[in-house]
Structure formats: structure tokens, C-alpha cells
>>> print(open('work_7.txt').read())   # compact mmCIF, C-alpha atoms
# COMPACT_ATOMS: atom_id res chain seq x y z
CA MET A 245 102.60 95.69 73.18
CA ALA A 246 102.53 92.60 75.39
CA LYS A 247 101.54 92.44 79.04
CA TYR A 248 103.03 90.21 81.74
CA GLY A 249 102.21 89.98 85.41
CA LEU A 250 102.40 88.44 88.84
CA ILE A 251 99.59 86.50 90.55
CA GLY A 252 99.73 86.41 94.33
CA LYS A 253 98.36 87.70 97.60
CA ASN A 254 99.74 90.74 99.46
CA ILE A 255 102.36 91.34 96.77
CA GLY A 256 102.96 95.06 97.04
CA TYR A 257 106.62 94.27 97.73
CA SER A 258 106.98 92.38 94.41
CA PHE A 259 110.49 91.77 93.10
CA SER A 260 109.09 90.70 89.72
CA LYS A 261 107.37 93.99 88.88
CA THR A 262 110.54 95.96 89.65
CA PHE A 263 112.75 93.52 87.74
CA PHE A 264 110.68 93.35 84.56
CA THR A 265 109.72 97.04 84.48
CA SER A 266 113.43 97.89 84.68
CA LYS A 267 114.24 95.29 82.01
CA PHE A 268 111.62 96.65 79.60
CA THR A 269 112.86 100.22 80.11
CA GLN A 270 116.49 99.26 79.50
CA GLU A 271 115.57 97.36 76.33
CA ASN A 272 113.22 100.12 75.07
CA ARG A 273 110.31 97.68 75.05
CA SER A 274 106.71 98.91 75.23
CA ASP A 275 105.72 95.79 77.22
CA THR A 276 104.24 96.21 80.68
CA TYR A 277 104.28 94.16 83.89
CA VAL A 278 101.49 94.40 86.47
CA ASN A 279 100.65 92.89 89.85
CA PHE A 280 97.38 90.98 90.20
CA ASP A 281 96.81 90.85 93.96
CA ILE A 282 93.90 88.44 94.36
CA GLU A 283 91.97 86.80 97.19
CA SER A 284 91.41 83.54 95.32
CA ILE A 285 93.21 81.73 92.49
CA ASP A 286 89.75 81.18 90.94
CA MET A 287 90.08 84.75 89.60
CA LEU A 288 92.81 83.61 87.17
CA LYS A 289 90.48 82.96 84.21
CA GLU A 290 88.82 86.34 84.71
CA ILE A 291 92.20 88.11 84.71
CA ILE A 292 93.22 86.42 81.46
CA ARG A 293 89.85 87.20 79.86
CA ASP A 294 90.07 90.88 80.82
CA ASN A 295 93.70 91.30 79.70
CA ASN A 296 93.83 90.11 76.10
CA THR A 297 97.46 91.15 75.55
CA LEU A 298 98.66 89.01 78.47
CA LYS A 299 101.45 86.66 77.35
CA GLY A 300 102.86 85.30 80.60
CA LEU A 301 102.42 85.21 84.36
CA ASN A 302 104.55 84.58 87.41
CA ILE A 303 102.86 82.85 90.35
CA THR A 304 103.82 83.42 93.97
CA ILE A 305 102.59 82.68 97.51
CA PRO A 306 100.07 81.21 98.16
CA TYR A 307 99.04 79.94 94.71
CA LYS A 308 101.96 77.87 93.36
CA GLU A 309 100.13 74.60 94.03
CA SER A 310 96.45 75.60 93.79
CA VAL A 311 96.95 77.06 90.29
CA ILE A 312 97.77 73.65 88.79
CA PRO A 313 94.18 72.39 88.24
CA LEU A 314 93.42 75.59 86.27
CA LEU A 315 96.12 74.93 83.67
CA ASP A 316 95.72 73.14 80.34
CA CYS A 317 99.12 71.46 80.52
CA ILE A 318 102.15 71.41 82.79
CA HIS A 319 105.83 70.94 82.00
CA LYS A 320 107.33 67.66 83.21
CA LYS A 321 109.65 69.22 85.82
CA ALA A 322 106.84 71.34 87.28
CA LYS A 323 104.68 68.22 87.47
CA ASN A 324 107.44 66.34 89.30
CA ILE A 325 107.90 69.24 91.71
CA GLY A 326 104.17 69.72 92.29
CA ALA A 327 104.31 73.51 92.01
CA VAL A 328 104.11 76.13 89.25
CA ASN A 329 105.57 79.64 89.37
CA THR A 330 105.47 80.54 85.67
CA ILE A 331 102.64 80.36 83.13
CA LYS A 332 103.02 80.75 79.39
CA ILE A 333 99.85 81.87 77.63
CA HIS A 334 99.92 80.41 74.13
CA ARG A 335 98.36 82.08 71.10
CA ASP A 336 95.38 79.73 71.20
CA GLY A 337 94.75 80.72 74.83
CA THR A 338 96.01 77.51 76.41
CA LEU A 339 97.87 77.88 79.70
CA GLU A 340 101.11 75.96 80.21
CA GLY A 341 102.69 75.76 83.68
CA PHE A 342 106.42 75.73 84.40
CA ASN A 343 108.63 75.88 87.47
CA THR A 344 111.70 78.14 87.33
CA ASP A 345 112.28 78.25 91.11
CA HIS A 346 114.32 75.06 90.95
CA TYR A 347 116.58 76.56 88.27
CA GLY A 348 117.07 79.77 90.28
CA PHE A 349 117.87 77.92 93.50
CA SER A 350 120.25 75.48 91.84
CA LYS A 351 122.19 78.28 90.13
CA SER A 352 122.47 80.44 93.25
CA LEU A 353 123.30 77.51 95.58
CA SER A 354 126.22 76.42 93.40
CA ASP A 355 128.14 79.56 94.44
CA PHE A 356 128.48 78.11 97.96
CA PHE A 357 129.83 74.64 97.21
CA PRO A 358 131.37 72.60 98.65
CA LEU A 359 129.51 72.09 101.93
CA LYS A 360 130.87 69.89 104.70
CA SER A 361 128.27 67.28 103.70
CA LYS A 362 125.18 67.10 101.52
CA THR A 363 122.62 67.29 104.32
CA ALA A 364 119.81 69.83 104.55
CA LEU A 365 116.76 71.00 106.48
CA ILE A 366 113.93 72.59 104.49
CA LEU A 367 111.89 74.94 106.67
CA GLY A 368 108.34 74.95 105.32
CA THR A 369 106.35 72.61 103.09
CA GLY A 370 104.71 74.89 100.50
CA GLY A 371 105.26 75.26 96.77
CA ALA A 372 108.69 76.89 97.09
CA ALA A 373 109.84 74.15 99.47
CA LYS A 374 108.88 71.54 96.88
CA ALA A 375 111.10 73.17 94.27
CA ILE A 376 113.97 73.27 96.78
CA ALA A 377 113.50 69.57 97.56
CA TYR A 378 113.57 68.76 93.84
CA VAL A 379 116.97 70.45 93.49
CA LEU A 380 118.39 68.79 96.61
CA LYS A 381 117.24 65.38 95.40
CA THR A 382 118.86 66.01 92.01
CA LEU A 383 122.11 67.00 93.78
CA GLU A 384 121.92 63.84 95.92
CA PHE A 385 121.42 65.63 99.24
CA GLU A 386 119.83 63.98 102.23
CA TYR A 387 117.14 66.36 103.43
CA GLN A 388 114.25 66.66 105.85
CA TYR A 389 111.26 68.96 105.88
CA VAL A 390 110.55 70.93 109.07
CA SER A 391 107.10 72.29 109.87
CA ARG A 392 104.99 73.33 112.83
CA THR A 393 103.24 69.96 112.74
CA LYS A 394 105.06 66.62 112.84
CA THR A 395 104.10 64.04 110.19
CA GLU A 396 105.61 60.79 108.92
CA THR A 397 107.81 62.79 106.53
CA THR A 398 108.20 66.06 108.43
CA LEU A 399 110.03 67.03 111.61
CA SER A 400 108.45 69.57 113.93
CA TYR A 401 110.40 72.63 115.10
CA ASP A 402 110.11 71.30 118.65
CA GLU A 403 112.14 68.23 117.69
CA LEU A 404 115.16 70.16 116.45
CA ASN A 405 118.13 69.65 118.77
CA ARG A 406 121.93 69.81 118.75
CA ALA A 407 122.29 66.46 116.97
CA ILE A 408 119.90 67.36 114.14
CA ILE A 409 121.36 70.85 113.58
CA SER A 410 124.92 69.51 113.81
CA ASN A 411 124.21 66.94 111.10
CA HIS A 412 122.44 69.22 108.60
CA TYR A 413 124.78 71.79 107.09
CA LEU A 414 122.35 73.53 104.74
CA ILE A 415 119.22 75.13 106.23
CA ILE A 416 116.77 76.76 103.82
CA ASN A 417 113.99 79.07 104.97
CA CYS A 418 111.03 78.54 102.61
CA THR A 419 108.55 80.24 104.97
CA PRO A 420 107.51 83.91 104.77
CA LEU A 421 108.77 84.50 108.33
CA GLY A 422 110.90 87.64 108.39
CA THR A 423 109.48 89.26 105.26
CA PHE A 424 109.09 93.05 105.37
CA PRO A 425 107.37 94.60 107.31
CA LYS A 426 107.45 91.80 109.95
CA VAL A 427 111.24 91.77 109.95
CA GLU A 428 111.57 90.59 113.56
CA GLU A 429 109.98 87.20 112.83
CA LEU A 430 112.14 84.13 112.20
CA PRO A 431 111.83 80.35 112.09
CA ASN A 432 112.03 78.74 115.54
CA ILE A 433 115.22 76.69 115.23
CA PRO A 434 117.98 76.31 117.89
CA TYR A 435 120.42 78.85 116.42
CA GLN A 436 122.90 78.26 119.27
CA PHE A 437 124.00 75.00 117.60
CA LEU A 438 125.00 76.61 114.29
CA THR A 439 128.69 76.68 113.32
CA SER A 440 130.96 78.03 110.59
CA HIS A 441 130.25 74.81 108.66
CA HIS A 442 126.60 75.78 108.18
CA LEU A 443 125.01 77.65 105.28
CA LEU A 444 121.70 79.43 105.87
CA PHE A 445 119.75 80.17 102.70
CA ASP A 446 116.69 82.41 102.95
CA LEU A 447 114.29 82.63 100.00
CA ILE A 448 113.28 86.08 101.29
CA TYR A 449 115.05 89.08 99.73
CA ASN A 450 113.32 91.95 101.56
CA PRO A 451 114.91 92.75 103.94
CA HIS A 452 118.34 92.05 102.47
CA GLU A 453 119.42 90.43 105.74
CA THR A 454 116.60 88.71 107.62
CA ALA A 455 116.56 87.93 111.34
CA PHE A 456 117.12 84.27 110.32
CA LEU A 457 120.32 85.19 108.48
CA LYS A 458 121.51 87.56 111.20
CA ARG A 459 121.26 84.83 113.83
CA GLY A 460 123.22 82.45 111.62
CA LEU A 461 125.92 84.96 110.70
CA ALA A 462 126.37 85.75 114.41
CA LYS A 463 127.34 82.09 114.92
CA GLY A 464 129.84 82.18 112.06
CA ALA A 465 127.63 80.48 109.49
CA ARG A 466 127.53 81.58 105.86
CA GLY A 467 124.30 83.07 104.58
CA SER A 468 122.46 84.05 101.42
CA ASN A 469 119.16 85.78 100.78
CA GLY A 470 116.88 84.95 97.86
CA LEU A 471 117.77 87.81 95.51
CA LYS A 472 120.08 85.88 93.16
CA MET A 473 117.60 83.01 93.03
CA LEU A 474 114.82 85.42 92.04
CA GLU A 475 116.95 87.01 89.34
CA TYR A 476 117.84 83.63 87.85
CA GLN A 477 114.26 82.37 87.92
CA ALA A 478 112.96 85.62 86.38
CA LYS A 479 115.42 85.37 83.49
CA LYS A 480 114.38 81.76 82.98
CA ALA A 481 110.69 82.78 82.95
CA TRP A 482 111.45 85.40 80.30
CA SER A 483 113.16 82.81 78.10
CA ILE A 484 110.07 80.59 78.40
CA TRP A 485 107.69 83.42 77.48
CA LYS A 486 109.78 84.36 74.44
CA SER A 487 110.34 80.81 73.19
>>> encode(input="work_7.txt", output="C-alpha cells")
Amino acid sequence: MAKYGLIGKNIGYSFSKTFFTSKFTQENRSDTYVNFDIESIDMLKEIIRDNNTLKGLNITIPYKESVIPLLDCIHKKAKNIGAVNTIKIHRDGTLEGFNTDHYGFSKSLSDFFPLKSKTALILGTGGAAKAIAYVLKTLEFEYQYVSRTKTETTLSYDELNRAIISNHYLIINCTPLGTFPKVEELPNIPYQFLTSHHLLFDLIYNPHETAFLKRGLAKGARGSNGLKMLEYQAKKAWSIWKS
């Protein structure tokens, strides 16, 4: 019997545990999937030591970047992205990092093509945002990061105006704003400038329709939550663990 799990912080809501537990039941597997809700990524080695049947891990907020120095090797795409969300534990105990977020996003985004133009705003700058940027770059999008603090490479929310919103037709929420139970929270963008040409993509899946998506849909924009992306990335993680 093999064990798999999720490393994160405040992960009681976990999609992964539900997905894999259901998968194992349907396939009559004796494998288990557990949540490791930890205060520091430094606890990773201890978790692996204490769970000797552990074969693979998913990594979520806020550890997708900080986990990298603890790994023995990292797949080329994950290295290019700068974030890891899947770890394969090899038989000799070595830890190999992968990123399946980019695969999940790319697959789920393709359902909405074509857009009016390949221009995007990425809300947030964490590990998930890096995977999104990797996909957009591959698809030859022009994109800009948006964060609370302006930098040389990042717009601040305060700078967003009609011109910027009107010229960026894909807006991706990579922040946790709006996640259950704080469902009233949403990124501070000027929603009044959205149109039917816009697509709002929220990486959040709980609730099914976030305040971010509701505001966009009210202006005629198309919208998608992160459920399909999570399903695709989970299936990809499973293929990595079983390879």
C-alpha cells in the first residue's frame, strides 16, 4: 500500500485529498492520500522520514517556491518556472520536483480560444503565477504581473485603468482572494471596464463562482474557475508518480 499526500498551510479545503481518495476507491486501490498541514516547509524531511510508504506529494500555497532547495533534483520545466507543485519520491529516497500547474492551466485555457488578442494580466506573483506566466509565454501572449506593490516588472492595482483593462483580454486571479470561507474578498481591479471580449480565469475552485468571477460575468465577460485546471494537473501528477 502506497501513501501520497499534500503539503501546504490551511489546507482543510483540499481538492487533492478528495480527488485522489475518490480515484483510489473507484480503482479498488489500497493506496491512501493525506493532508500534511504544516507551519514551515522545513518539516518536509521529517514527514518523509515518518511516512516510509510515501511515494509522492503535491505542494500548494505557500510552499511551491520555498520547497525547491530541499529537493535533490528538479525537472527542467519546473526549474524554468521557478515553482514546484509535485514531488516524486524515488526508491532510493531522492526527491524530484515537477510542475504540473502549467499543464493543467494550458489544457483548461485552450477551451476558451480564440481571444480577441493574446494579452493578459496575471494577478499575483507567487508560485502559481509563475506557472501561468510560463504557459502564456509559450503561447506567445503579452502579459503583465499585477501586485499590491509596483516594481520594474509589476504593475500595482492602483495603476489599473480603462486603457490597461481594455487592452488585456485575459485576466487570471492567482491570489487566494475569494477562497472559502472569505468568499466576499476579490482582487481590486476596475471591473467597470470589463466587456464581453474579456475572459476572467480564477485559480480558485471553492466557491465554484468567486466574487471575482461574478463581477466579470455581470459585465458580460466569460469566466472559468480553477476546477478543470486542478483535475488536469492532478492526473498529470499521478502519471509522474506511476512512471
>>> residues_around(input="work_7.txt", residues="stretch 471-474 of chain A", least_positions_apart="5", cutoff="7 Å", atoms="only C-alpha atoms", output="list in words")
Gly348, Phe349, Ser352 and Tyr449 of chain A
>>> residues_around(input="work_7.txt", residues="A:Leu380", least_positions_apart="4", cutoff="9 Å", atoms="all atoms listed in the file", output="number ranges by chain")
A: 350, 362-364, 375-376, 384-387
>>> closest_atom_pairs(input="work_7.txt", of="stretch 258-369 of chain A", to="stretch 414-434 of chain A", cutoff="6 Å", atoms="all atoms listed in the file", output="tab-separated table")
residue	atom	partner	partner_atom	distance
A:Ala364	CA	A:Leu414	CA	4.5
A:Leu365	CA	A:Ile415	CA	4.8
A:Ile366	CA	A:Ile416	CA	5.1
A:Leu367	CA	A:Asn417	CA	4.9
A:Gly368	CA	A:Cys418	CA	5.2
>>> write_last_selection(input="work_7.txt", atoms="C-alpha atoms", output="compact mmCIF listing (two decimals), keeping the file's coordinate frame")
# COMPACT_ATOMS: atom_id res chain seq x y z
CA ALA A 364 119.81 69.83 104.55
CA LEU A 365 116.76 71.00 106.48
CA ILE A 366 113.93 72.59 104.49
CA LEU A 367 111.89 74.94 106.67
CA GLY A 368 108.34 74.95 105.32
>>> closest_residue(input="work_7.txt", among="A:Glu396, A:Asp402, A:Asp345, A:Asp355", to="A:Val379", atoms="all atoms listed in the file")
A:Asp345
>>> closest_residue(input="work_7.txt", among="A:Tyr307, A:Phe342, A:Phe356, A:Phe437", to="A:Met287", atoms="all atoms listed in the file")
A:Tyr307
>>> atom_distance(input="work_7.txt", atom1="atom CA of A:Arg273", atom2="atom CA of A:Gly337")
23.0 Å
>>> residues_around(input="work_7.txt", residues="A:Glu340", least_positions_apart="2", cutoff="10 Å", atoms="all atoms listed in the file", output="mmCIF file with C-alpha atoms, in the frame of the given file")
data_model
loop_
_atom_site.group_PDB
_atom_site.id
_atom_site.type_symbol
_atom_site.label_atom_id
_atom_site.label_comp_id
_atom_site.auth_asym_id
_atom_site.auth_seq_id
_atom_site.Cartn_x
_atom_site.Cartn_y
_atom_site.Cartn_z
ATOM 1 C CA GLY A 300 102.860 85.300 80.600
ATOM 2 C CA ILE A 312 97.770 73.650 88.790
ATOM 3 C CA LEU A 314 93.420 75.590 86.270
ATOM 4 C CA LEU A 315 96.120 74.930 83.670
ATOM 5 C CA ASP A 316 95.720 73.140 80.340
ATOM 6 C CA CYS A 317 99.120 71.460 80.520
ATOM 7 C CA ILE A 318 102.150 71.410 82.790
ATOM 8 C CA HIS A 319 105.830 70.940 82.000
ATOM 9 C CA VAL A 328 104.110 76.130 89.250
ATOM 10 C CA THR A 330 105.470 80.540 85.670
ATOM 11 C CA ILE A 331 102.640 80.360 83.130
ATOM 12 C CA LYS A 332 103.020 80.750 79.390
ATOM 13 C CA ILE A 333 99.850 81.870 77.630
ATOM 14 C CA HIS A 334 99.920 80.410 74.130
ATOM 15 C CA GLY A 337 94.750 80.720 74.830
ATOM 16 C CA THR A 338 96.010 77.510 76.410
ATOM 17 C CA PHE A 342 106.420 75.730 84.400
#
>>> closest_residue(input="work_7.txt", among="A:Ser274, A:Ser354, A:Ser391, A:Ser260", to="A:Gln477", atoms="all atoms listed in the file")
A:Ser260
>>> atom_distance(input="work_7.txt", atom1="atom CA of A:Gln270", atom2="atom CA of A:Ser258")
19.0 Å
>>> closest_residue(input="work_7.txt", among="A:Tyr257, A:Tyr248, A:Tyr401, A:Phe357", to="A:His442", atoms="all atoms listed in the file")
A:Phe357
>>> atom_distance(input="work_7.txt", atom1="atom CA of A:Lys463", atom2="atom CA of A:Thr439")
5.8 Å
>>> closest_residue(input="work_7.txt", among="A:Tyr277, A:Phe263, A:Phe268, A:Tyr389", to="A:Tyr476", atoms="all atoms listed in the file")
A:Phe263
>>> decode(input="work_7.txt", residues="stretch 372-383 of chain A", atoms="all heavy atoms", output="mmCIF file, in the first residue's frame")
data_model
loop_
_atom_site.group_PDB
_atom_site.id
_atom_site.type_symbol
_atom_site.label_atom_id
_atom_site.label_comp_id
_atom_site.auth_asym_id
_atom_site.auth_seq_id
_atom_site.Cartn_x
_atom_site.Cartn_y
_atom_site.Cartn_z
ATOM 1 N N ALA A 372 2.105 29.879 -8.224
ATOM 2 C CA ALA A 372 1.089 29.583 -9.240
ATOM 3 C C ALA A 372 1.178 30.585 -10.382
ATOM 4 O O ALA A 372 1.065 30.228 -11.562
ATOM 5 C CB ALA A 372 -0.300 29.600 -8.616
ATOM 6 N N ALA A 373 1.405 31.855 -10.046
ATOM 7 C CA ALA A 373 1.510 32.900 -11.065
ATOM 8 C C ALA A 373 2.681 32.625 -12.008
ATOM 9 O O ALA A 373 2.604 32.893 -13.212
ATOM 10 C CB ALA A 373 1.681 34.264 -10.397
ATOM 11 N N LYS A 374 3.751 32.059 -11.480
ATOM 12 C CA LYS A 374 4.916 31.756 -12.312
ATOM 13 C C LYS A 374 4.591 30.667 -13.334
ATOM 14 O O LYS A 374 5.054 30.721 -14.482
ATOM 15 C CB LYS A 374 6.094 31.336 -11.430
ATOM 16 C CG LYS A 374 6.683 32.495 -10.642
ATOM 17 C CD LYS A 374 7.877 32.059 -9.815
ATOM 18 C CE LYS A 374 8.529 33.277 -9.155
ATOM 19 N NZ LYS A 374 9.691 32.903 -8.315
ATOM 20 N N ALA A 375 3.805 29.686 -12.929
ATOM 21 C CA ALA A 375 3.403 28.632 -13.862
ATOM 22 C C ALA A 375 2.494 29.196 -14.952
ATOM 23 O O ALA A 375 2.602 28.822 -16.122
ATOM 24 C CB ALA A 375 2.695 27.505 -13.116
ATOM 25 N N ILE A 376 1.610 30.120 -14.571
ATOM 26 C CA ILE A 376 0.715 30.767 -15.532
ATOM 27 C C ILE A 376 1.541 31.561 -16.543
ATOM 28 O O ILE A 376 1.305 31.501 -17.758
ATOM 29 C CB ILE A 376 -0.282 31.701 -14.811
ATOM 30 C CG1 ILE A 376 -1.144 30.911 -13.823
ATOM 31 C CG2 ILE A 376 -1.139 32.462 -15.805
ATOM 32 C CD1 ILE A 376 -1.837 29.701 -14.355
ATOM 33 N N ALA A 377 2.519 32.318 -16.059
ATOM 34 C CA ALA A 377 3.371 33.118 -16.942
ATOM 35 C C ALA A 377 4.127 32.229 -17.924
ATOM 36 O O ALA A 377 4.300 32.587 -19.099
ATOM 37 C CB ALA A 377 4.352 33.946 -16.113
ATOM 38 N N TYR A 378 4.571 31.076 -17.464
ATOM 39 C CA TYR A 378 5.289 30.132 -18.329
ATOM 40 C C TYR A 378 4.409 29.709 -19.504
ATOM 41 O O TYR A 378 4.848 29.676 -20.660
ATOM 42 C CB TYR A 378 5.712 28.912 -17.510
ATOM 43 C CG TYR A 378 6.416 27.836 -18.296
ATOM 44 C CD1 TYR A 378 7.789 27.891 -18.503
ATOM 45 C CD2 TYR A 378 5.706 26.758 -18.825
ATOM 46 C CE1 TYR A 378 8.436 26.896 -19.229
ATOM 47 C CE2 TYR A 378 6.343 25.762 -19.550
ATOM 48 C CZ TYR A 378 7.707 25.835 -19.742
ATOM 49 O OH TYR A 378 8.342 24.853 -20.462
ATOM 50 N N VAL A 379 3.144 29.402 -19.204
ATOM 51 C CA VAL A 379 2.207 28.991 -20.258
ATOM 52 C C VAL A 379 1.964 30.142 -21.232
ATOM 53 O O VAL A 379 2.008 29.965 -22.453
ATOM 54 C CB VAL A 379 0.872 28.527 -19.653
ATOM 55 C CG1 VAL A 379 -0.171 28.284 -20.748
ATOM 56 C CG2 VAL A 379 1.068 27.260 -18.831
ATOM 57 N N LEU A 380 1.711 31.328 -20.692
ATOM 58 C CA LEU A 380 1.419 32.486 -21.547
ATOM 59 C C LEU A 380 2.602 32.808 -22.460
ATOM 60 O O LEU A 380 2.424 33.146 -23.630
ATOM 61 C CB LEU A 380 1.052 33.695 -20.694
ATOM 62 C CG LEU A 380 -0.230 33.565 -19.860
ATOM 63 C CD1 LEU A 380 -0.497 34.857 -19.092
ATOM 64 C CD2 LEU A 380 -1.428 33.211 -20.732
ATOM 65 N N LYS A 381 3.790 32.683 -21.920
ATOM 66 C CA LYS A 381 4.994 32.929 -22.730
ATOM 67 C C LYS A 381 5.088 31.904 -23.858
ATOM 68 O O LYS A 381 5.385 32.249 -25.004
ATOM 69 C CB LYS A 381 6.232 32.864 -21.831
ATOM 70 C CG LYS A 381 7.517 33.305 -22.512
ATOM 71 C CD LYS A 381 8.652 33.351 -21.495
ATOM 72 C CE LYS A 381 9.939 33.867 -22.133
ATOM 73 N NZ LYS A 381 11.050 33.913 -21.152
ATOM 74 N N THR A 382 4.821 30.644 -23.530
ATOM 75 C CA THR A 382 4.845 29.567 -24.525
ATOM 76 C C THR A 382 3.822 29.819 -25.631
ATOM 77 O O THR A 382 4.071 29.531 -26.807
ATOM 78 C CB THR A 382 4.558 28.212 -23.847
ATOM 79 O OG1 THR A 382 5.521 27.986 -22.819
ATOM 80 C CG2 THR A 382 4.621 27.068 -24.840
ATOM 81 N N LEU A 383 2.653 30.369 -25.241
ATOM 82 C CA LEU A 383 1.577 30.638 -26.195
ATOM 83 C C LEU A 383 1.722 32.001 -26.884
ATOM 84 O O LEU A 383 0.819 32.429 -27.601
ATOM 85 C CB LEU A 383 0.224 30.565 -25.474
ATOM 86 C CG LEU A 383 -0.170 29.184 -24.926
ATOM 87 C CD1 LEU A 383 -1.447 29.287 -24.104
ATOM 88 C CD2 LEU A 383 -0.340 28.171 -26.052
#
